[in-house]
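Chemist: Here you go, this is run_18.txt (compact mmCIF, C-alpha atoms and all ligand atoms).
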# COMPACT_ATOMS: atom_id res chain seq x y z
CA MET A 1 21.46 -10.60 47.76
CA GLN A 2 18.98 -13.37 47.91
CA ILE A 3 15.68 -12.52 46.26
CA SER A 4 12.84 -14.96 46.97
CA ILE A 5 9.35 -14.88 45.55
CA TYR A 6 6.29 -16.27 47.33
CA PRO A 7 2.69 -16.72 46.18
CA GLY A 8 1.34 -14.22 48.70
CA TYR A 9 1.84 -12.08 51.78
CA ASP A 10 1.34 -14.87 54.32
CA GLU A 11 3.97 -17.06 52.73
CA LEU A 12 6.59 -14.33 52.41
CA SER A 13 5.93 -13.17 55.98
CA LYS A 14 6.36 -16.67 57.38
CA ALA A 15 9.56 -17.24 55.40
CA ALA A 16 11.04 -13.92 56.59
CA ALA A 17 9.99 -14.61 60.20
CA ALA A 18 11.76 -17.97 60.02
CA VAL A 19 15.04 -16.18 59.25
CA VAL A 20 14.62 -13.85 62.24
CA ALA A 21 13.63 -16.81 64.44
CA GLU A 22 16.77 -18.72 63.40
CA VAL A 23 18.94 -15.78 64.47
CA VAL A 24 17.20 -15.62 67.86
CA LYS A 25 17.47 -19.39 68.38
CA ALA A 26 21.18 -19.38 67.52
CA LYS A 27 21.85 -16.33 69.70
CA PRO A 28 19.27 -15.82 72.47
CA ASN A 29 20.66 -12.34 73.27
CA ALA A 30 20.37 -11.28 69.63
CA VAL A 31 19.94 -7.62 68.76
CA ILE A 32 17.03 -7.26 66.34
CA GLY A 33 16.49 -4.19 64.17
CA LEU A 34 12.82 -3.52 63.55
CA ALA A 35 10.68 -1.59 61.08
CA THR A 36 7.13 -0.29 61.29
CA GLY A 37 4.55 0.21 58.52
CA SER A 38 2.25 -2.36 56.95
CA SER A 39 4.86 -4.62 55.36
CA PRO A 40 6.25 -6.36 58.50
CA LEU A 41 2.87 -6.93 60.20
CA GLY A 42 2.67 -10.53 58.97
CA LEU A 43 6.26 -11.19 60.02
CA TYR A 44 5.49 -9.87 63.53
CA ALA A 45 2.30 -11.94 63.75
CA GLU A 46 4.33 -15.02 62.86
CA LEU A 47 7.01 -14.21 65.48
CA ALA A 48 4.21 -13.85 68.05
CA ARG A 49 2.82 -17.24 66.97
CA LEU A 50 6.25 -18.85 67.17
CA HIS A 51 6.64 -17.47 70.69
CA LYS A 52 3.18 -18.60 71.81
CA GLU A 53 3.03 -21.99 70.13
CA GLU A 54 6.64 -23.02 69.81
CA GLY A 55 8.25 -21.23 72.74
CA LEU A 56 10.52 -18.92 70.71
CA ASP A 57 12.25 -17.06 73.52
CA PHE A 58 12.94 -13.33 73.34
CA SER A 59 13.68 -12.87 77.05
CA LYS A 60 17.36 -12.07 76.43
CA ALA A 61 16.91 -10.29 73.08
CA ALA A 62 17.14 -6.55 72.50
CA SER A 63 15.71 -4.43 69.71
CA PHE A 64 16.31 -1.14 67.96
CA ASN A 65 13.71 0.42 65.70
CA LEU A 66 14.63 2.19 62.52
CA ASP A 67 12.72 5.40 63.03
CA GLU A 68 10.15 7.58 64.76
CA TYR A 69 8.11 10.61 63.75
CA VAL A 70 9.41 13.85 65.23
CA GLY A 71 6.70 15.46 67.34
CA LEU A 72 4.87 12.29 68.41
CA PRO A 73 5.21 11.21 72.04
CA PRO A 74 5.40 7.44 72.73
CA GLU A 75 1.73 7.21 73.73
CA HIS A 76 0.48 8.88 70.52
CA GLU A 77 -1.77 6.60 68.47
CA GLN A 78 0.54 6.81 65.46
CA SER A 79 3.88 6.77 67.26
CA TYR A 80 6.15 3.94 66.23
CA ARG A 81 6.76 3.07 69.89
CA ARG A 82 3.05 2.42 70.26
CA PHE A 83 2.96 0.53 66.95
CA MET A 84 5.73 -1.78 68.17
CA ASN A 85 4.08 -2.40 71.56
CA GLU A 86 0.75 -3.23 69.95
CA ASN A 87 2.03 -5.29 67.03
CA LEU A 88 4.95 -7.15 68.56
CA PHE A 89 6.28 -6.39 72.03
CA ASP A 90 2.97 -7.05 73.84
CA HIS A 91 2.80 -10.49 72.19
CA ILE A 92 6.28 -11.84 72.91
CA ASN A 93 8.42 -12.09 76.05
CA ILE A 94 10.95 -9.38 75.16
CA ASP A 95 11.84 -7.17 78.11
CA LYS A 96 10.56 -3.72 77.10
CA LYS A 97 13.59 -2.21 78.87
CA ASN A 98 15.67 -3.76 76.09
CA THR A 99 13.57 -2.30 73.28
CA HIS A 100 14.64 0.98 71.72
CA VAL A 101 12.78 3.35 69.42
CA PRO A 102 14.24 6.75 68.50
CA SER A 103 12.59 9.56 70.44
CA GLY A 104 9.87 11.64 68.83
CA THR A 105 10.31 14.37 71.42
CA ALA A 106 14.06 14.81 71.97
CA LYS A 107 15.17 18.27 73.07
CA ASP A 108 18.51 17.94 71.34
CA TYR A 109 18.35 15.67 68.30
CA LYS A 110 22.05 15.82 67.49
CA LYS A 111 22.78 14.43 70.93
CA HIS A 112 19.92 11.92 70.78
CA CYS A 113 21.03 10.57 67.40
CA ALA A 114 24.63 10.18 68.56
CA GLU A 115 23.40 8.38 71.69
CA TYR A 116 21.20 6.04 69.63
CA GLU A 117 24.21 5.05 67.53
CA GLU A 118 26.24 4.52 70.70
CA GLN A 119 23.51 2.35 72.25
CA ILE A 120 23.51 0.13 69.15
CA ARG A 121 27.28 -0.13 69.29
CA LYS A 122 27.29 -0.95 73.02
CA ALA A 123 24.64 -3.64 72.46
CA GLY A 124 27.10 -5.32 70.07
CA GLY A 125 25.56 -4.18 66.79
CA ILE A 126 22.42 -5.39 65.05
CA ASP A 127 22.32 -9.11 64.26
CA VAL A 128 19.30 -9.02 62.00
CA GLN A 129 17.53 -5.94 60.62
CA VAL A 130 13.91 -6.12 59.43
CA LEU A 131 13.19 -3.67 56.60
CA GLY A 132 10.42 -2.46 54.32
CA ILE A 133 10.79 -0.16 51.33
CA GLY A 134 9.02 3.14 50.73
CA SER A 135 7.42 3.81 47.36
CA ASP A 136 10.14 6.46 46.84
CA GLY A 137 12.83 3.87 47.57
CA HIS A 138 13.55 4.85 51.14
CA VAL A 139 14.95 2.38 53.62
CA GLY A 140 14.27 3.50 57.18
CA PHE A 141 13.21 7.08 56.51
CA ASN A 142 16.29 7.72 54.37
CA GLU A 143 14.65 9.75 51.67
CA PRO A 144 16.07 10.36 48.17
CA GLY A 145 19.30 12.33 48.39
CA THR A 146 20.40 10.92 51.75
CA SER A 147 24.05 9.94 51.93
CA LEU A 148 24.53 6.19 51.63
CA GLY A 149 27.00 6.54 54.52
CA SER A 150 24.57 8.41 56.77
CA ARG A 151 24.12 7.61 60.45
CA THR A 152 21.07 8.24 62.69
CA HIS A 153 19.73 11.70 61.89
CA VAL A 154 16.64 13.84 61.48
CA THR A 155 15.17 13.81 58.00
CA THR A 156 12.49 15.75 56.16
CA LEU A 157 9.88 13.37 54.76
CA THR A 158 9.05 13.62 51.07
CA GLU A 159 5.55 14.56 49.99
CA GLN A 160 5.32 11.05 48.55
CA THR A 161 5.98 9.50 51.99
CA ILE A 162 3.56 11.91 53.66
CA ASP A 163 0.89 10.94 51.10
CA ASP A 164 1.63 7.23 51.55
CA ASN A 165 1.39 7.44 55.34
CA ALA A 166 -1.64 9.75 55.44
CA ARG A 167 -3.78 6.59 55.52
CA PHE A 168 -2.84 6.13 59.18
CA PHE A 169 -3.80 9.67 60.22
CA GLU A 170 -7.13 11.48 60.29
CA LYS A 171 -5.92 13.97 57.69
CA LYS A 172 -2.80 14.47 55.59
CA GLU A 173 -1.90 17.64 57.53
CA ASP A 174 -1.51 15.54 60.69
CA VAL A 175 1.40 13.53 59.24
CA PRO A 176 4.64 14.85 60.76
CA LYS A 177 7.07 16.37 58.28
CA PHE A 178 10.19 15.23 60.10
CA ALA A 179 11.41 11.90 61.40
CA CYS A 180 14.41 10.59 63.29
CA THR A 181 15.87 7.63 61.42
CA MET A 182 18.84 5.31 61.48
CA GLY A 183 21.08 6.22 58.56
CA VAL A 184 21.77 4.07 55.52
CA GLY A 185 25.23 3.40 56.97
CA THR A 186 23.63 2.27 60.25
CA VAL A 187 21.41 -0.18 58.34
CA LEU A 188 24.34 -1.48 56.29
CA ASP A 189 26.22 -2.28 59.52
CA ALA A 190 23.60 -4.90 60.47
CA ARG A 191 24.99 -8.42 60.09
CA LYS A 192 21.92 -9.58 58.21
CA CYS A 193 19.06 -7.70 56.55
CA VAL A 194 15.60 -9.10 55.90
CA MET A 195 13.38 -7.00 53.65
CA VAL A 196 9.69 -7.75 53.16
CA VAL A 197 7.74 -6.21 50.27
CA ASN A 198 4.28 -6.94 48.93
CA GLY A 199 1.82 -5.49 46.45
CA LYS A 200 1.78 -4.23 42.89
CA LYS A 201 2.45 -0.62 43.84
CA LYS A 202 5.95 -1.56 45.05
CA ALA A 203 6.91 -3.46 41.85
CA LYS A 204 8.58 -0.50 40.15
CA ILE A 205 10.65 0.57 43.14
CA VAL A 206 11.69 -3.04 43.86
CA ARG A 207 13.12 -3.23 40.36
CA GLU A 208 14.91 0.12 40.76
CA ALA A 209 16.32 -0.82 44.17
CA PHE A 210 17.60 -4.29 43.29
CA GLU A 211 18.28 -4.16 39.57
CA GLY A 212 19.02 -0.48 39.09
CA PRO A 213 22.10 1.56 39.93
CA ILE A 214 23.21 2.08 43.52
CA THR A 215 22.14 5.64 44.11
CA CYS A 216 21.10 7.98 46.90
CA VAL A 217 17.97 8.67 44.83
CA CYS A 218 16.78 5.22 45.93
CA THR A 219 18.48 4.57 49.26
CA ALA A 220 17.32 0.93 49.43
CA SER A 221 19.64 0.29 46.47
CA ALA A 222 22.54 0.53 48.96
CA LEU A 223 21.55 -2.96 50.11
CA GLN A 224 23.17 -4.23 46.91
CA MET A 225 26.44 -3.60 48.78
CA HIS A 226 25.34 -5.58 51.84
CA PRO A 227 26.86 -9.07 52.07
CA ASP A 228 23.83 -10.79 53.65
CA THR A 229 20.51 -9.35 52.54
CA ALA A 230 17.44 -11.48 51.89
CA VAL A 231 14.50 -9.89 50.07
CA PHE A 232 11.10 -11.56 50.46
CA LEU A 233 8.59 -10.61 47.76
CA ASP A 234 5.11 -11.62 46.76
CA GLU A 235 4.34 -12.22 43.08
CA GLU A 236 3.02 -8.68 42.63
CA ALA A 237 6.00 -6.91 44.15
CA ALA A 238 8.33 -9.15 42.10
CA SER A 239 6.45 -8.63 38.84
CA GLY A 240 8.72 -5.86 37.50
CA LEU A 241 12.01 -7.71 37.95
CA ALA A 242 13.96 -8.40 34.75
CA MET A 243 15.78 -11.41 36.26
CA LEU A 244 12.66 -12.92 37.81
CA ASP A 245 13.09 -16.34 36.18
CA TYR A 246 16.66 -16.60 37.41
CA TYR A 247 15.65 -15.69 41.00
CA ARG A 248 12.99 -18.41 40.85
CA TRP A 249 15.60 -20.85 39.48
CA ILE A 250 17.95 -20.06 42.37
CA GLN A 251 15.10 -20.48 44.87
CA GLN A 252 14.13 -23.87 43.36
CA ASN A 253 17.70 -25.12 43.53
CA SER A 254 18.69 -23.59 46.85
CA ALA A 255 18.22 -26.82 48.83
CA ASN A 256 20.92 -28.50 46.69
CA ALA A 257 23.38 -25.60 46.62
CA PRO A 258 26.77 -26.37 48.18
CA LYS A 259 27.04 -25.19 51.80
C1 LIG A 301 9.28 2.01 58.82
C2 LIG A 301 10.23 2.39 57.79
C3 LIG A 301 9.84 2.59 56.38
C4 LIG A 301 8.79 1.60 55.87
C5 LIG A 301 8.38 1.98 54.45
C6 LIG A 301 7.32 1.05 53.91
O1 LIG A 301 9.89 1.89 60.08
O2 LIG A 301 11.36 2.59 58.12
O3 LIG A 301 10.99 2.50 55.57
O4 LIG A 301 9.31 0.31 55.90
O5 LIG A 301 7.87 3.28 54.44
O6 LIG A 301 6.12 1.21 54.61
P1 LIG A 301 4.90 0.23 54.38
O7 LIG A 301 5.35 -1.10 54.87
O8 LIG A 301 3.79 0.78 55.24
O9 LIG A 301 4.59 0.24 52.94
Take the structure from the file and write it as structure tokens.
Ligand code: F6R
Modeler:
Amino acid sequence: MQISIYPGYDELSKAAAAVVAEVVKAKPNAVIGLATGSSPLGLYAELARLHKEEGLDFSKAASFNLDEYVGLPPEHEQSYRRFMNENLFDHINIDKKNTHVPSGTAKDYKKHCAEYEEQIRKAGGIDVQVLGIGSDGHVGFNEPGTSLGSRTHVTTLTEQTIDDNARFFEKKEDVPKFACTMGVGTVLDARKCVMVVNGKKKAKIVREAFEGPITCVCTASALQMHPDTAVFLDEEAASGLAMLDYYRWIQQNSANAPK
């Protein structure tokens, strides 16, 4: 794992976007895994800027989102399909036919989840997966107790996640209780993972995920087993880390590290 600390949200977002942009430049038909929520908004704004101002080309790229609320149709204000259109897809030249978000209205979720996995496999697997972390340690919507080998499935959101996400809905009761999410195993199959985290309220869970035991109680901790994960933190999110000085030392010396 590579843990990097930046002065603020803008800086960490730009640094994380640069990693995604490198993947797309090296492989124009890259398969990008995407997350929703507040954390990646800066990263998406930077990808949109790189497209507009520097010609970063997504015309051959494909994408797969981590998750969707069960019960929300694509046009719903809070659906993750709509979030992705508004915050990224409408601002870059990706072909929407090549963008995938799990369904919020599948008739048969077992079948839908198996098909989602198959679509990822047929696309050649995910080259780079963008991730955030929930305050209960979830990655995707893999809540505490989810198998670290899980594949795409329907999950029951924790009260903590419902509380956290109530800010996007008129009232807490409107937050769906179920979501369809890639599994932890699906995430771990990505060739590269890029996690973005900011803010003081994530400091404790960042420490648990990256310096604590690997446990299904904090599914993001499974990333410790991933061979190519980069974690982009602001000072506040990094503030609970015991090895903070060492991570800074690595970051300072990274330009001179042997290739
Ligand atoms: C979103 C997702 C979640 C979020 C997490 C953090 O697609 O899978 O794991 O990344 O809940 O959300 P924010 O960024 O809003 O704090």
Chemist: Kindly work out which residues sit at most 6 Å from ligand LIG 301 (chain A), using all atoms listed in the file, and give the list as a list in words.
Modeler: Ala35, Thr36, Gly37, Ser38, Ser39, Leu66, Asp67, Leu131, Gly132, Ile133, Gly134, His138, Val139, Gly140 and Phe141 of chain A
Chemist: Given all atoms listed in the file as the basis, pick out the residue of A:Lys27, A:His112, A:Lys192, A:His91 nearest to A:His226.
Modeler: A:Lys192
Chemist: Residues at most 7 Å from A:Leu233, counting only C-alpha atoms, excluding those fewer than 3 positions away in the same chain, as a list in words?
Modeler: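 With the cut-off at 7 Å, the set is Ser4, Ile5, Tyr6, Leu12, Val196, Val197, Asn198, Ala237 and Ala238 of chain A.
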Chemist: Separation of atom CA of A:Val194 and atom CA of A:Ala48, in Å?
Modeler: 17.3 Å
Chemist: Residues proximal to (8.5, -11.4, 74.6) were defined as those with any atom within 7 Å of that point in the file's coordinates, counting all atoms listed in the file. Which are they, as a list in words?
Modeler: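 Nearby residues: Asp57, Phe58, Ser59, Phe89, His91, Ile92, Asn93, Ile94 and Asp95 of chain A.
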Chemist: Select stretch 230-246 of chain A in the preceding structure and write all heavy atoms to a file as a PDB file, in the first residue's frame.
Modeler:
ATOM      1  N   ALA A 230      -3.271   2.601  -3.731  1.00  0.00           N
ATOM      2  CA  ALA A 230      -2.758   3.916  -3.329  1.00  0.00           C
ATOM      3  C   ALA A 230      -3.866   4.634  -2.569  1.00  0.00           C
ATOM      4  O   ALA A 230      -5.007   4.702  -3.039  1.00  0.00           O
ATOM      5  CB  ALA A 230      -2.344   4.715  -4.553  1.00  0.00           C
ATOM      6  N   VAL A 231      -3.522   5.121  -1.384  1.00  0.00           N
ATOM      7  CA  VAL A 231      -4.509   5.805  -0.524  1.00  0.00           C
ATOM      8  C   VAL A 231      -4.120   7.277  -0.466  1.00  0.00           C
ATOM      9  O   VAL A 231      -2.991   7.609  -0.083  1.00  0.00           O
ATOM     10  CB  VAL A 231      -4.518   5.187   0.890  1.00  0.00           C
ATOM     11  CG1 VAL A 231      -5.624   5.807   1.733  1.00  0.00           C
ATOM     12  CG2 VAL A 231      -4.694   3.674   0.824  1.00  0.00           C
ATOM     13  N   PHE A 232      -5.043   8.147  -0.848  1.00  0.00           N
ATOM     14  CA  PHE A 232      -4.792   9.589  -0.883  1.00  0.00           C
ATOM     15  C   PHE A 232      -5.573  10.250   0.247  1.00  0.00           C
ATOM     16  O   PHE A 232      -6.805  10.210   0.253  1.00  0.00           O
ATOM     17  CB  PHE A 232      -5.224  10.166  -2.240  1.00  0.00           C
ATOM     18  CG  PHE A 232      -4.408   9.623  -3.378  1.00  0.00           C
ATOM     19  CD1 PHE A 232      -4.717   8.391  -3.946  1.00  0.00           C
ATOM     20  CD2 PHE A 232      -3.314  10.313  -3.866  1.00  0.00           C
ATOM     21  CE1 PHE A 232      -3.954   7.868  -4.978  1.00  0.00           C
ATOM     22  CE2 PHE A 232      -2.541   9.809  -4.899  1.00  0.00           C
ATOM     23  CZ  PHE A 232      -2.862   8.577  -5.454  1.00  0.00           C
ATOM     24  N   LEU A 233      -4.847  10.844   1.188  1.00  0.00           N
ATOM     25  CA  LEU A 233      -5.477  11.405   2.391  1.00  0.00           C
ATOM     26  C   LEU A 233      -5.177  12.886   2.512  1.00  0.00           C
ATOM     27  O   LEU A 233      -4.104  13.352   2.088  1.00  0.00           O
ATOM     28  CB  LEU A 233      -4.909  10.717   3.640  1.00  0.00           C
ATOM     29  CG  LEU A 233      -4.992   9.191   3.698  1.00  0.00           C
ATOM     30  CD1 LEU A 233      -4.206   8.676   4.909  1.00  0.00           C
ATOM     31  CD2 LEU A 233      -6.445   8.737   3.773  1.00  0.00           C
ATOM     32  N   ASP A 234      -6.103  13.627   3.140  1.00  0.00           N
ATOM     33  CA  ASP A 234      -5.722  14.973   3.555  1.00  0.00           C
ATOM     34  C   ASP A 234      -5.176  14.880   4.984  1.00  0.00           C
ATOM     35  O   ASP A 234      -5.227  13.802   5.604  1.00  0.00           O
ATOM     36  CB  ASP A 234      -6.886  15.984   3.416  1.00  0.00           C
ATOM     37  CG  ASP A 234      -8.031  15.748   4.387  1.00  0.00           C
ATOM     38  OD1 ASP A 234      -7.972  14.764   5.175  1.00  0.00           O
ATOM     39  OD2 ASP A 234      -8.994  16.531   4.379  1.00  0.00           O
ATOM     40  N   GLU A 235      -4.644  15.995   5.482  1.00  0.00           N
ATOM     41  CA  GLU A 235      -4.011  15.976   6.806  1.00  0.00           C
ATOM     42  C   GLU A 235      -4.975  15.478   7.882  1.00  0.00           C
ATOM     43  O   GLU A 235      -4.591  14.730   8.779  1.00  0.00           O
ATOM     44  CB  GLU A 235      -3.509  17.380   7.182  1.00  0.00           C
ATOM     45  CG  GLU A 235      -2.330  17.863   6.366  1.00  0.00           C
ATOM     46  CD  GLU A 235      -1.021  17.180   6.757  1.00  0.00           C
ATOM     47  OE1 GLU A 235      -0.971  16.493   7.784  1.00  0.00           O
ATOM     48  OE2 GLU A 235      -0.047  17.346   5.988  1.00  0.00           O
ATOM     49  N   GLU A 236      -6.245  15.892   7.769  1.00  0.00           N
ATOM     50  CA  GLU A 236      -7.214  15.515   8.803  1.00  0.00           C
ATOM     51  C   GLU A 236      -7.493  14.014   8.797  1.00  0.00           C
ATOM     52  O   GLU A 236      -7.500  13.372   9.845  1.00  0.00           O
ATOM     53  CB  GLU A 236      -8.519  16.288   8.600  1.00  0.00           C
ATOM     54  CG  GLU A 236      -8.381  17.751   8.935  1.00  0.00           C
ATOM     55  CD  GLU A 236      -9.715  18.480   8.924  1.00  0.00           C
ATOM     56  OE1 GLU A 236     -10.725  17.921   8.443  1.00  0.00           O
ATOM     57  OE2 GLU A 236      -9.732  19.616   9.401  1.00  0.00           O
ATOM     58  N   ALA A 237      -7.707  13.464   7.629  1.00  0.00           N
ATOM     59  CA  ALA A 237      -8.003  12.025   7.546  1.00  0.00           C
ATOM     60  C   ALA A 237      -6.793  11.195   7.976  1.00  0.00           C
ATOM     61  O   ALA A 237      -6.928  10.080   8.482  1.00  0.00           O
ATOM     62  CB  ALA A 237      -8.432  11.654   6.133  1.00  0.00           C
ATOM     63  N   ALA A 238      -5.587  11.763   7.783  1.00  0.00           N
ATOM     64  CA  ALA A 238      -4.354  11.035   8.120  1.00  0.00           C
ATOM     65  C   ALA A 238      -3.984  11.182   9.597  1.00  0.00           C
ATOM     66  O   ALA A 238      -3.101  10.468  10.084  1.00  0.00           O
ATOM     67  CB  ALA A 238      -3.208  11.558   7.251  1.00  0.00           C
ATOM     68  N   SER A 239      -4.675  12.075  10.301  1.00  0.00           N
ATOM     69  CA  SER A 239      -4.188  12.500  11.622  1.00  0.00           C
ATOM     70  C   SER A 239      -4.160  11.397  12.687  1.00  0.00           C
ATOM     71  O   SER A 239      -3.474  11.538  13.689  1.00  0.00           O
ATOM     72  CB  SER A 239      -5.004  13.697  12.121  1.00  0.00           C
ATOM     73  OG  SER A 239      -6.361  13.314  12.245  1.00  0.00           O
ATOM     74  N   GLY A 240      -4.870  10.286  12.461  1.00  0.00           N
ATOM     75  CA  GLY A 240      -4.868   9.218  13.467  1.00  0.00           C
ATOM     76  C   GLY A 240      -3.836   8.133  13.204  1.00  0.00           C
ATOM     77  O   GLY A 240      -3.713   7.178  13.989  1.00  0.00           O
ATOM     78  N   LEU A 241      -3.090   8.250  12.122  1.00  0.00           N
ATOM     79  CA  LEU A 241      -2.176   7.160  11.741  1.00  0.00           C
ATOM     80  C   LEU A 241      -0.931   7.123  12.629  1.00  0.00           C
ATOM     81  O   LEU A 241      -0.268   8.145  12.831  1.00  0.00           O
ATOM     82  CB  LEU A 241      -1.763   7.314  10.269  1.00  0.00           C
ATOM     83  CG  LEU A 241      -2.882   7.039   9.257  1.00  0.00           C
ATOM     84  CD1 LEU A 241      -2.482   7.525   7.866  1.00  0.00           C
ATOM     85  CD2 LEU A 241      -3.236   5.555   9.213  1.00  0.00           C
ATOM     86  N   ALA A 242      -0.604   5.946  13.132  1.00  0.00           N
ATOM     87  CA  ALA A 242       0.562   5.799  14.016  1.00  0.00           C
ATOM     88  C   ALA A 242       1.865   5.973  13.234  1.00  0.00           C
ATOM     89  O   ALA A 242       2.841   6.492  13.761  1.00  0.00           O
ATOM     90  CB  ALA A 242       0.526   4.424  14.673  1.00  0.00           C
ATOM     91  N   MET A 243       1.857   5.552  11.965  1.00  0.00           N
ATOM     92  CA  MET A 243       3.099   5.560  11.167  1.00  0.00           C
ATOM     93  C   MET A 243       3.182   6.784  10.250  1.00  0.00           C
ATOM     94  O   MET A 243       3.918   6.764   9.245  1.00  0.00           O
ATOM     95  CB  MET A 243       3.159   4.280  10.308  1.00  0.00           C
ATOM     96  CG  MET A 243       3.156   2.999  11.095  1.00  0.00           C
ATOM     97  SD  MET A 243       4.666   2.799  12.040  1.00  0.00           S
ATOM     98  CE  MET A 243       5.807   2.425  10.717  1.00  0.00           C
ATOM     99  N   LEU A 244       2.444   7.821  10.621  1.00  0.00           N
ATOM    100  CA  LEU A 244       2.326   9.008   9.768  1.00  0.00           C
ATOM    101  C   LEU A 244       3.673   9.548   9.302  1.00  0.00           C
ATOM    102  O   LEU A 244       3.868   9.849   8.120  1.00  0.00           O
ATOM    103  CB  LEU A 244       1.552  10.083  10.552  1.00  0.00           C
ATOM    104  CG  LEU A 244       1.131  11.341   9.824  1.00  0.00           C
ATOM    105  CD1 LEU A 244       0.359  11.018   8.564  1.00  0.00           C
ATOM    106  CD2 LEU A 244       0.257  12.193  10.749  1.00  0.00           C
ATOM    107  N   ASP A 245       4.628   9.657  10.226  1.00  0.00           N
ATOM    108  CA  ASP A 245       5.933  10.234   9.860  1.00  0.00           C
ATOM    109  C   ASP A 245       6.637   9.372   8.813  1.00  0.00           C
ATOM    110  O   ASP A 245       7.283   9.888   7.908  1.00  0.00           O
ATOM    111  CB  ASP A 245       6.830  10.373  11.100  1.00  0.00           C
ATOM    112  CG  ASP A 245       6.328  11.470  12.013  1.00  0.00           C
ATOM    113  OD1 ASP A 245       5.510  12.300  11.541  1.00  0.00           O
ATOM    114  OD2 ASP A 245       6.716  11.493  13.196  1.00  0.00           O
ATOM    115  N   TYR A 246       6.494   8.074   8.948  1.00  0.00           N
ATOM    116  CA  TYR A 246       7.137   7.181   7.975  1.00  0.00           C
ATOM    117  C   TYR A 246       6.488   7.320   6.588  1.00  0.00           C
ATOM    118  O   TYR A 246       7.178   7.356   5.569  1.00  0.00           O
ATOM    119  CB  TYR A 246       7.082   5.732   8.458  1.00  0.00           C
ATOM    120  CG  TYR A 246       7.734   4.756   7.501  1.00  0.00           C
ATOM    121  CD1 TYR A 246       9.032   4.970   7.021  1.00  0.00           C
ATOM    122  CD2 TYR A 246       7.045   3.630   7.045  1.00  0.00           C
ATOM    123  CE1 TYR A 246       9.619   4.086   6.124  1.00  0.00           C
ATOM    124  CE2 TYR A 246       7.632   2.754   6.151  1.00  0.00           C
ATOM    125  CZ  TYR A 246       8.913   2.979   5.693  1.00  0.00           C
ATOM    126  OH  TYR A 246       9.489   2.109   4.800  1.00  0.00           O
TER     127      TYR A 246
END
